[in-house]
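Undergrad: Following this line is structure-v2.cif, made up of mmCIF, C-alpha atoms and all ligand atoms:
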```
data_model
loop_
_atom_site.label_atom_id
_atom_site.label_comp_id
_atom_site.auth_asym_id
_atom_site.auth_seq_id
_atom_site.Cartn_x
_atom_site.Cartn_y
_atom_site.Cartn_z
CA MET A 1 25.11 -3.31 29.49
CA ASN A 2 24.71 -0.04 31.43
CA ALA A 3 22.19 0.74 34.12
CA THR A 4 20.36 3.97 33.26
CA PRO A 5 20.69 6.90 35.65
CA GLU A 6 17.65 7.95 37.66
CA LEU A 7 15.86 10.38 35.39
CA GLN A 8 12.39 11.70 36.06
CA HIS A 9 8.90 11.21 37.46
CA PHE A 10 6.78 9.63 34.72
CA LYS A 11 4.15 12.15 33.65
CA THR A 12 1.86 11.81 30.65
CA GLN A 13 -1.67 12.73 29.65
CA ARG A 14 -2.73 9.77 27.51
CA LEU A 15 -0.99 6.38 27.50
CA VAL A 16 -2.24 3.73 25.07
CA ILE A 17 -1.29 0.06 25.38
CA ILE A 18 -2.01 -1.85 22.15
CA GLY A 19 -2.00 -5.56 22.95
CA LEU A 20 -3.41 -5.76 26.46
CA GLY A 21 -2.29 -9.34 27.17
CA LEU A 22 0.01 -10.79 29.84
CA ILE A 23 2.71 -8.12 29.40
CA GLY A 24 0.59 -5.16 28.27
CA GLY A 25 -2.01 -5.92 30.94
CA SER A 26 0.63 -6.29 33.65
CA LEU A 27 2.08 -2.92 32.60
CA ALA A 28 -1.38 -1.34 32.89
CA CYS A 29 -1.90 -2.90 36.36
CA ALA A 30 1.54 -1.80 37.57
CA LEU A 31 1.02 1.77 36.32
CA GLN A 32 -2.45 1.99 37.88
CA LYS A 33 -0.90 0.95 41.19
CA ALA A 34 1.95 3.44 40.81
CA ARG A 35 -0.54 6.18 39.91
CA ALA A 36 -2.63 5.43 43.01
CA ALA A 37 0.55 5.68 45.10
CA GLY A 38 1.49 9.01 43.47
CA ASP A 39 4.65 7.52 41.94
CA VAL A 40 3.58 8.36 38.35
CA SER A 41 1.15 10.91 36.87
CA ILE A 42 -1.00 9.58 34.04
CA GLY A 43 -4.18 11.23 32.78
CA THR A 44 -5.77 8.27 31.00
CA ILE A 45 -4.63 4.67 30.50
CA VAL A 46 -6.20 3.15 27.38
CA GLY A 47 -6.16 -0.56 26.46
CA CYS A 48 -6.54 -1.75 22.89
CA ASN A 49 -7.08 -5.31 21.60
CA ARG A 50 -8.89 -6.72 18.59
CA SER A 51 -11.38 -8.53 20.81
CA LEU A 52 -13.71 -6.73 23.20
CA GLU A 53 -14.12 -9.31 25.94
CA GLY A 54 -10.81 -8.96 27.75
CA LEU A 55 -10.97 -5.17 27.46
CA GLN A 56 -14.34 -4.92 29.18
CA ASN A 57 -13.13 -7.11 32.05
CA ALA A 58 -9.93 -5.08 32.30
CA GLN A 59 -11.89 -1.84 32.62
CA GLN A 60 -14.26 -3.35 35.19
CA GLN A 61 -11.27 -4.44 37.26
CA GLY A 62 -9.78 -0.93 37.12
CA MET A 63 -6.78 -2.05 35.05
CA ILE A 64 -7.50 0.54 32.33
CA ASP A 65 -9.57 3.73 32.22
CA GLU A 66 -10.76 3.38 28.62
CA TYR A 67 -10.59 0.83 25.84
CA SER A 68 -10.88 0.58 22.10
CA THR A 69 -10.74 -2.13 19.45
CA ASP A 70 -9.62 0.44 16.88
CA ALA A 71 -5.89 1.06 17.29
CA ALA A 72 -5.80 3.99 14.84
CA GLU A 73 -8.58 5.75 16.72
CA ALA A 74 -7.01 4.97 20.11
CA VAL A 75 -3.61 6.52 19.35
CA LYS A 76 -4.98 9.91 18.25
CA ASP A 77 -3.85 12.40 20.93
CA ALA A 78 -1.74 9.71 22.67
CA ASP A 79 1.51 10.95 24.23
CA VAL A 80 2.89 7.45 24.84
CA VAL A 81 1.99 4.30 22.87
CA ILE A 82 3.21 0.86 24.01
CA LEU A 83 2.96 -2.05 21.58
CA GLY A 84 2.27 -5.24 23.55
CA VAL A 85 1.48 -7.41 20.50
CA PRO A 86 3.49 -10.43 19.23
CA VAL A 87 6.74 -9.49 17.45
CA LEU A 88 5.52 -10.14 13.90
CA SER A 89 2.38 -8.06 14.55
CA ILE A 90 4.43 -4.95 15.39
CA ARG A 91 5.11 -3.94 11.77
CA PRO A 92 1.48 -4.25 10.58
CA MET A 93 0.40 -2.39 13.72
CA LEU A 94 2.86 0.46 13.01
CA GLU A 95 1.54 0.63 9.43
CA GLN A 96 -1.98 0.86 10.80
CA ILE A 97 -1.34 3.63 13.35
CA ARG A 98 1.52 5.74 12.03
CA GLU A 99 -0.53 8.37 10.23
CA TYR A 100 -2.68 8.87 13.33
CA LEU A 101 0.19 9.40 15.79
CA LYS A 102 0.73 13.01 16.81
CA PRO A 103 4.18 14.57 16.36
CA GLY A 104 6.17 14.33 19.59
CA ALA A 105 4.44 11.11 20.69
CA VAL A 106 6.71 8.35 22.02
CA VAL A 107 6.22 4.79 20.75
CA SER A 108 7.72 1.82 22.54
CA ASP A 109 7.18 -1.95 22.57
CA VAL A 110 7.80 -5.01 24.74
CA GLY A 111 8.85 -7.43 22.00
CA SER A 112 11.26 -10.24 22.84
CA VAL A 113 13.42 -9.62 19.74
CA LYS A 114 14.79 -6.17 19.05
CA LYS A 115 16.58 -5.96 15.69
CA VAL A 116 13.46 -6.51 13.61
CA VAL A 117 11.50 -4.04 15.73
CA VAL A 118 14.18 -1.35 15.53
CA ASN A 119 14.38 -1.76 11.74
CA ASP A 120 10.60 -1.55 11.38
CA MET A 121 10.35 1.50 13.66
CA GLN A 122 13.23 3.18 11.82
CA GLU A 123 11.61 2.56 8.45
CA LEU A 124 8.02 3.36 9.35
CA LEU A 125 8.37 6.19 11.88
CA ALA A 126 11.23 8.19 10.34
CA ASP A 127 10.05 11.65 9.22
CA THR A 128 6.81 11.42 11.21
CA GLY A 129 8.01 13.54 14.13
CA VAL A 130 7.25 10.55 16.39
CA HIS A 131 9.98 9.22 18.73
CA TRP A 132 10.56 5.52 19.32
CA VAL A 133 12.33 3.71 22.13
CA PRO A 134 12.35 -0.11 21.81
CA ALA A 135 12.26 -2.06 25.09
CA HIS A 136 12.00 -5.62 26.39
CA PRO A 137 10.94 -6.61 29.92
CA ILE A 138 12.76 -9.74 31.08
CA ALA A 139 9.67 -10.88 32.93
CA GLY A 140 6.74 -13.04 32.05
CA SER A 141 5.54 -16.61 32.23
CA GLU A 142 4.18 -19.45 30.14
CA GLN A 143 0.69 -17.98 30.62
CA SER A 144 -0.80 -15.49 28.22
CA GLY A 145 -3.76 -13.16 27.91
CA VAL A 146 -4.96 -10.27 30.00
CA SER A 147 -6.46 -12.60 32.63
CA ALA A 148 -2.90 -13.62 33.58
CA ALA A 149 -1.78 -9.98 34.12
CA ARG A 150 -0.25 -9.07 37.50
CA ALA A 151 0.66 -5.69 38.98
CA ASP A 152 3.86 -7.08 40.53
CA LEU A 153 5.21 -8.77 37.39
CA PHE A 154 8.00 -6.24 36.84
CA ILE A 155 9.09 -5.53 40.42
CA ASP A 156 12.88 -5.92 40.62
CA ARG A 157 12.91 -7.45 37.13
CA LYS A 158 15.19 -6.22 34.36
CA ILE A 159 13.93 -4.08 31.50
CA ILE A 160 16.29 -3.73 28.56
CA LEU A 161 16.01 -0.55 26.49
CA THR A 162 17.67 -0.59 23.06
CA PRO A 163 17.36 3.01 21.83
CA PRO A 164 19.29 3.83 18.62
CA GLU A 165 22.22 6.21 19.14
CA ASN A 166 20.39 9.22 17.68
CA SER A 167 17.35 8.75 19.94
CA ASP A 168 15.67 11.76 21.47
CA PRO A 169 16.99 11.85 25.09
CA GLN A 170 13.65 13.06 26.44
CA ALA A 171 11.83 10.17 24.77
CA VAL A 172 14.29 7.67 26.26
CA ALA A 173 13.88 9.34 29.66
CA THR A 174 10.10 9.04 29.35
CA ILE A 175 10.15 5.28 28.71
CA ASP A 176 12.81 4.78 31.36
CA ALA A 177 10.68 6.67 33.90
CA MET A 178 7.58 4.67 32.96
CA TRP A 179 9.34 1.38 33.68
CA ARG A 180 10.84 2.79 36.87
CA GLY A 181 7.25 3.39 37.99
CA THR A 182 6.56 -0.36 37.70
CA GLY A 183 9.43 -1.17 40.08
CA ALA A 184 11.68 -2.57 37.34
CA GLN A 185 15.45 -2.17 36.96
CA ARG A 186 16.32 -0.53 33.63
CA PHE A 187 19.34 -1.31 31.47
CA HIS A 188 20.56 -0.15 28.07
CA MET A 189 21.98 -2.59 25.52
CA SER A 190 22.80 -2.57 21.85
CA VAL A 191 20.28 -4.34 19.66
CA ASP A 192 22.78 -6.99 18.54
CA GLU A 193 23.88 -7.75 22.08
CA HIS A 194 20.26 -7.99 23.23
CA ASP A 195 19.30 -10.48 20.52
CA ARG A 196 22.46 -12.56 21.01
CA VAL A 197 22.15 -12.75 24.82
CA LEU A 198 18.42 -13.50 24.74
CA ALA A 199 18.93 -16.17 22.05
CA ALA A 200 21.21 -18.04 24.45
CA THR A 201 19.43 -17.50 27.76
CA SER A 202 15.76 -17.52 26.76
CA HIS A 203 15.12 -18.54 23.16
CA LEU A 204 17.36 -21.65 23.11
CA PRO A 205 15.93 -23.05 26.39
CA HIS A 206 12.40 -22.60 25.03
CA LEU A 207 13.37 -24.37 21.80
CA LEU A 208 14.85 -27.27 23.80
CA ALA A 209 11.78 -27.51 26.03
CA PHE A 210 9.39 -27.54 23.04
CA SER A 211 11.55 -30.17 21.36
CA LEU A 212 11.95 -32.49 24.36
CA VAL A 213 8.26 -32.42 25.29
CA ASP A 214 7.29 -33.05 21.66
CA THR A 215 9.74 -35.97 21.40
CA LEU A 216 8.38 -37.60 24.54
CA ALA A 217 4.77 -36.96 23.54
CA ASN A 218 5.39 -38.68 20.20
CA GLN A 219 6.63 -41.85 21.84
CA ASP A 220 4.08 -44.64 22.22
CA GLN A 221 4.28 -44.53 25.98
CA GLY A 222 4.43 -40.72 25.95
CA TRP A 223 1.52 -40.07 28.26
CA ASP A 224 2.89 -42.57 30.82
CA VAL A 225 6.18 -40.70 30.75
CA PHE A 226 4.37 -37.51 31.73
CA LYS A 227 2.35 -39.33 34.39
CA PHE A 228 5.51 -40.32 36.20
CA ALA A 229 7.36 -37.05 35.58
CA ALA A 230 9.49 -35.92 38.49
CA GLY A 231 10.12 -32.36 39.64
CA GLY A 232 13.09 -31.85 37.32
CA PHE A 233 11.06 -32.64 34.24
CA ARG A 234 8.18 -30.49 35.45
CA ASP A 235 10.53 -27.52 35.96
CA PHE A 236 12.26 -27.95 32.61
CA SER A 237 9.11 -28.64 30.60
CA ARG A 238 6.98 -25.84 32.08
CA ILE A 239 8.08 -23.34 29.43
CA ALA A 240 6.89 -25.70 26.66
CA ALA A 241 3.38 -24.58 27.69
CA SER A 242 4.18 -21.07 26.36
CA ASP A 243 2.15 -19.54 23.55
CA PRO A 244 3.12 -21.19 20.20
CA GLN A 245 2.36 -18.11 18.08
CA MET A 246 4.50 -15.85 20.26
CA TRP A 247 7.43 -18.26 20.05
CA HIS A 248 6.95 -18.77 16.30
CA ASP A 249 7.47 -15.01 15.93
CA ILE A 250 10.49 -14.94 18.25
CA PHE A 251 12.34 -17.83 16.55
CA LEU A 252 11.72 -16.55 13.02
CA THR A 253 12.79 -13.00 13.82
CA ASN A 254 15.89 -14.00 15.82
CA ARG A 255 16.77 -16.97 13.61
CA ASP A 256 20.50 -16.36 13.14
CA ALA A 257 21.32 -15.78 16.81
CA VAL A 258 19.20 -18.78 17.86
CA VAL A 259 20.88 -21.02 15.26
CA ASP A 260 24.33 -19.87 16.50
CA ALA A 261 23.39 -20.76 20.09
CA LEU A 262 21.84 -24.04 18.95
CA ASP A 263 24.97 -25.02 16.99
CA LEU A 264 27.16 -24.39 20.03
CA PHE A 265 24.84 -26.42 22.22
CA THR A 266 24.55 -29.25 19.67
CA ALA A 267 28.35 -29.57 19.49
CA ASP A 268 28.62 -29.76 23.29
CA LEU A 269 25.75 -32.26 23.45
CA ALA A 270 27.48 -34.45 20.85
CA GLN A 271 30.62 -34.35 22.99
CA LEU A 272 28.60 -35.40 26.04
CA ARG A 273 27.07 -38.24 24.03
CA GLN A 274 30.53 -39.42 23.06
CA GLN A 275 31.71 -39.30 26.68
CA LEU A 276 28.72 -41.44 27.61
CA MET A 277 29.38 -43.92 24.80
CA ASN A 278 33.01 -44.15 25.94
CA GLU A 279 31.93 -44.62 29.56
CA ASP A 280 34.22 -41.69 30.25
CA GLY A 281 32.90 -40.99 33.74
CA GLU A 282 35.70 -38.57 34.58
CA SER A 283 34.82 -36.25 31.69
CA LEU A 284 31.11 -36.48 32.49
CA ILE A 285 31.78 -35.48 36.10
CA GLU A 286 33.99 -32.59 34.94
CA THR A 287 31.18 -31.28 32.73
CA PHE A 288 28.58 -31.65 35.49
CA LYS A 289 30.89 -29.95 38.03
CA ARG A 290 31.48 -26.99 35.69
CA ALA A 291 27.74 -26.66 35.06
CA LYS A 292 26.91 -26.90 38.77
CA ALA A 293 29.53 -24.28 39.68
CA ALA A 294 28.13 -21.90 37.04
CA ARG A 295 24.53 -22.48 38.15
CA ASP A 296 25.41 -22.04 41.85
CA HIS A 297 27.25 -18.82 41.04
CA PHE A 298 24.43 -17.33 38.95
CA SER A 299 21.55 -18.51 41.14
CA GLY A 300 22.61 -15.87 43.69
CA GLN A 301 21.73 -13.26 41.07
CA PHE A 302 18.22 -14.56 40.45
CA THR A 303 15.42 -12.82 42.28
CA LYS A 304 12.65 -14.75 43.99
CA GLN A 305 10.38 -13.99 41.02
CA ASP A 306 12.93 -15.32 38.54
CA GLN A 307 12.47 -18.65 40.21
CA ILE A 308 8.69 -18.55 39.74
CA ASN A 309 8.49 -17.35 36.13
P1 LIG B 401 -0.44 -12.20 25.00
O1 LIG B 401 -0.74 -12.39 26.44
O2 LIG B 401 -0.89 -13.22 24.03
O3 LIG B 401 -1.01 -10.78 24.55
C1 LIG B 401 -0.94 -10.30 23.25
C2 LIG B 401 -1.99 -9.24 23.08
O4 LIG B 401 -1.89 -8.68 21.78
C3 LIG B 401 -3.39 -9.77 23.23
O5 LIG B 401 -4.06 -8.86 24.04
C4 LIG B 401 -3.98 -9.78 21.83
O6 LIG B 401 -5.37 -9.47 21.91
C5 LIG B 401 -3.17 -8.72 21.12
N1 LIG B 401 -2.86 -9.05 19.74
C6 LIG B 401 -2.37 -10.20 19.25
N2 LIG B 401 -2.16 -10.14 17.94
C7 LIG B 401 -2.54 -8.89 17.59
C8 LIG B 401 -2.58 -8.23 16.35
N3 LIG B 401 -2.19 -8.80 15.22
N4 LIG B 401 -3.02 -6.97 16.33
C9 LIG B 401 -3.45 -6.39 17.48
N5 LIG B 401 -3.44 -6.98 18.69
C10 LIG B 401 -2.99 -8.21 18.72
O7 LIG B 401 1.12 -12.02 24.76
P2 LIG B 401 2.25 -11.55 25.78
O8 LIG B 401 2.79 -12.75 26.47
O9 LIG B 401 1.73 -10.41 26.59
O10 LIG B 401 3.36 -11.06 24.76
C11 LIG B 401 3.23 -9.82 24.12
C12 LIG B 401 4.60 -9.32 23.68
O11 LIG B 401 5.46 -9.33 24.81
C13 LIG B 401 5.26 -10.19 22.61
O12 LIG B 401 5.88 -9.34 21.67
C14 LIG B 401 6.32 -10.96 23.38
O13 LIG B 401 7.44 -11.24 22.58
C15 LIG B 401 6.66 -10.01 24.50
N6 LIG B 401 7.13 -10.63 25.76
C16 LIG B 401 6.47 -11.72 26.27
C17 LIG B 401 6.93 -12.28 27.47
C18 LIG B 401 6.24 -13.49 28.08
O14 LIG B 401 6.82 -14.15 28.94
N7 LIG B 401 5.02 -13.78 27.71
C19 LIG B 401 8.03 -11.71 28.15
C20 LIG B 401 8.63 -10.59 27.61
C21 LIG B 401 8.18 -10.04 26.42
P3 LIG B 401 -6.34 -9.72 20.68
O15 LIG B 401 -6.02 -11.09 20.16
O16 LIG B 401 -7.73 -9.59 21.24
O17 LIG B 401 -6.02 -8.64 19.71
#
```
Could the structure of this file be written out as structure tokens, please?

TA:
Amino acid sequence: MNATPELQHFKTQRLVIIGLGLIGGSLACALQKARAAGDVSIGTIVGCNRSLEGLQNAQQQGMIDEYSTDAAEAVKDADVVILGVPVLSIRPMLEQIREYLKPGAVVSDVGSVKKVVVNDMQELLADTGVHWVPAHPIAGSEQSGVSAARADLFIDRKIILTPPENSDPQAVATIDAMWRGTGAQRFHMSVDEHDRVLAATSHLPHLLAFSLVDTLANQDQGWDVFKFAAGGFRDFSRIAASDPQMWHDIFLTNRDAVVDALDLFTADLAQLRQQLMNEDGESLIETFKRAKAARDHFSGQFTKQDQIN
């Protein structure tokens, strides 16, 4: 994983964010703030959702300059288009907008899985004269919707760009500069590495949290269990409150990497179970010590925000 070099001041006439939810809305807020500070130059920031309500509020709050519920209409004349929709909505959205994109426009996304997005962009945008630069902000929360958007969501957080090797350098520089304007740290990764790493560090923990909370909720005394939940359970289970549709899309599109990580974890869990059955306290302590040492080592690398989100 390579950090990108400092490239350029982000400058664009018309930026359209399709999917103005937690991530798309936070991007709009962060760019408005950067524009006010003179850190980026953007003519018009446009938000686009299917429903009107959140868009009207977003405009009233100064998050966006214009809005539309018609994505095809919104992207006409756009220089930069960011897709902030769930992963499995990216392909239908590309099909809807591709003939309206102007040649030279740069399309990017914020999807949590990259291989499927890169394949769809490759297939649907090739020969259109449009550039595409897939990206994924490693920032967010269990909340969703534009009302949860925050201007500081990306400050000091990592943004992973996964541009194909033959990407237009200027298009990559444009998306890199946009994210720099939000205060994020930008990194480049291959698509496979991205999906493998995120399967282990984000997708598997979410799967475990959904599973554990569901198991406990299905027990007869489930609600009592939650009533007496201690801090550890609250911390671990928080991510089970994440949006089910978003995670449905992530698991189905990153299935193989998630199953690999799950198999590894299941084998280690079975070993732990055996140690417990055998009352093998020494082995249990060894496992816990290794885990604690790893957590202590890596916790120094977490930012304050990592601990909140
Ligand atoms: P969100 O808050 O639910 O926002 C999604 C937005 O997309 C909404 O504004 C929604 O508005 C719109 N939308 C949904 N389906 C659509 C469709 N079929 N066509 C057009 N618009 C649609 O979701 P989010 O948390 O911001 O996540 C958005 C993307 O960011 C996902 O790809 C996710 O993988 C990625 N991501 C999320 C996180 C996180 O922690 N949440 C972190 C990193 C990356 P309407 O329903 O009104 O259209």

Undergrad: Show me which residues sit within 8 Å of ligand LIG 401 (chain B) when counting only C-alpha atoms and all ligand atoms, and put them as an MDAnalysis selection string.

TA: chainID A and resid 18:25 48:54 71 83:90 92:93 109:113 136:146 148 242:243 246:247 249:250

Undergrad: Mind giving me the straight-line distance from CA of Gly47 in chain A to CA of Asp70 in chain A in Å, one decimal?

TA: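 That distance, rounded to one decimal, is 10.2 Å.
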
Undergrad: At what distance in Å, to one decimal, does CA of Ser147 in chain A lie from CA of Gly232 in chain A?

TA: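 Calculated distance between CA of Gly232 in chain A and CA of Ser147 in chain A is 27.8 Å.
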
Undergrad: So, with all atoms listed in the file as the atoms that count, which of A:Val117, A:Val107, A:Leu101, A:Ala294 lies closest to Val80 in chain A?

TA: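 Closest to Val80 in chain A of all the choices is A:Val107.
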
Undergrad: The centre and edge lengths of an axis-aligned box containing all atoms of range 254-257 of chain A present in the file, extended by 3 Å on each side, are to be given in Å to one decimal, as JSON.

TA:
```
{"center_x": 18.6, "center_y": -15.5, "center_z": 15.0, "size_x": 11.4, "size_y": 9.0, "size_z": 9.7}
```

Undergrad: So what do you get for CA of Glu66 in chain A versus CA of Ser167 in chain A, distance-wise?

TA: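 About the pair CA of Glu66 in chain A and CA of Ser167 in chain A: they are 29.9 Å apart.
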
Undergrad: Using all atoms listed in the file, can you tell me which of A:Leu27, A:Leu125, A:Val16, A:Ala149 comes closest to Ser68 in chain A?

TA: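 Checking each candidate against Ser68 in chain A, we get A:Val16 as the closest.
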
Undergrad: Select, from A:Ile42, A:Ile97, A:Met277, A:Val191, the residue with the minimum atom-to-atom distance to Thr162 in chain A, counting all atoms listed in the file.

TA: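 Using all atoms listed in the file, the shortest distance to Thr162 in chain A belongs to A:Val191.
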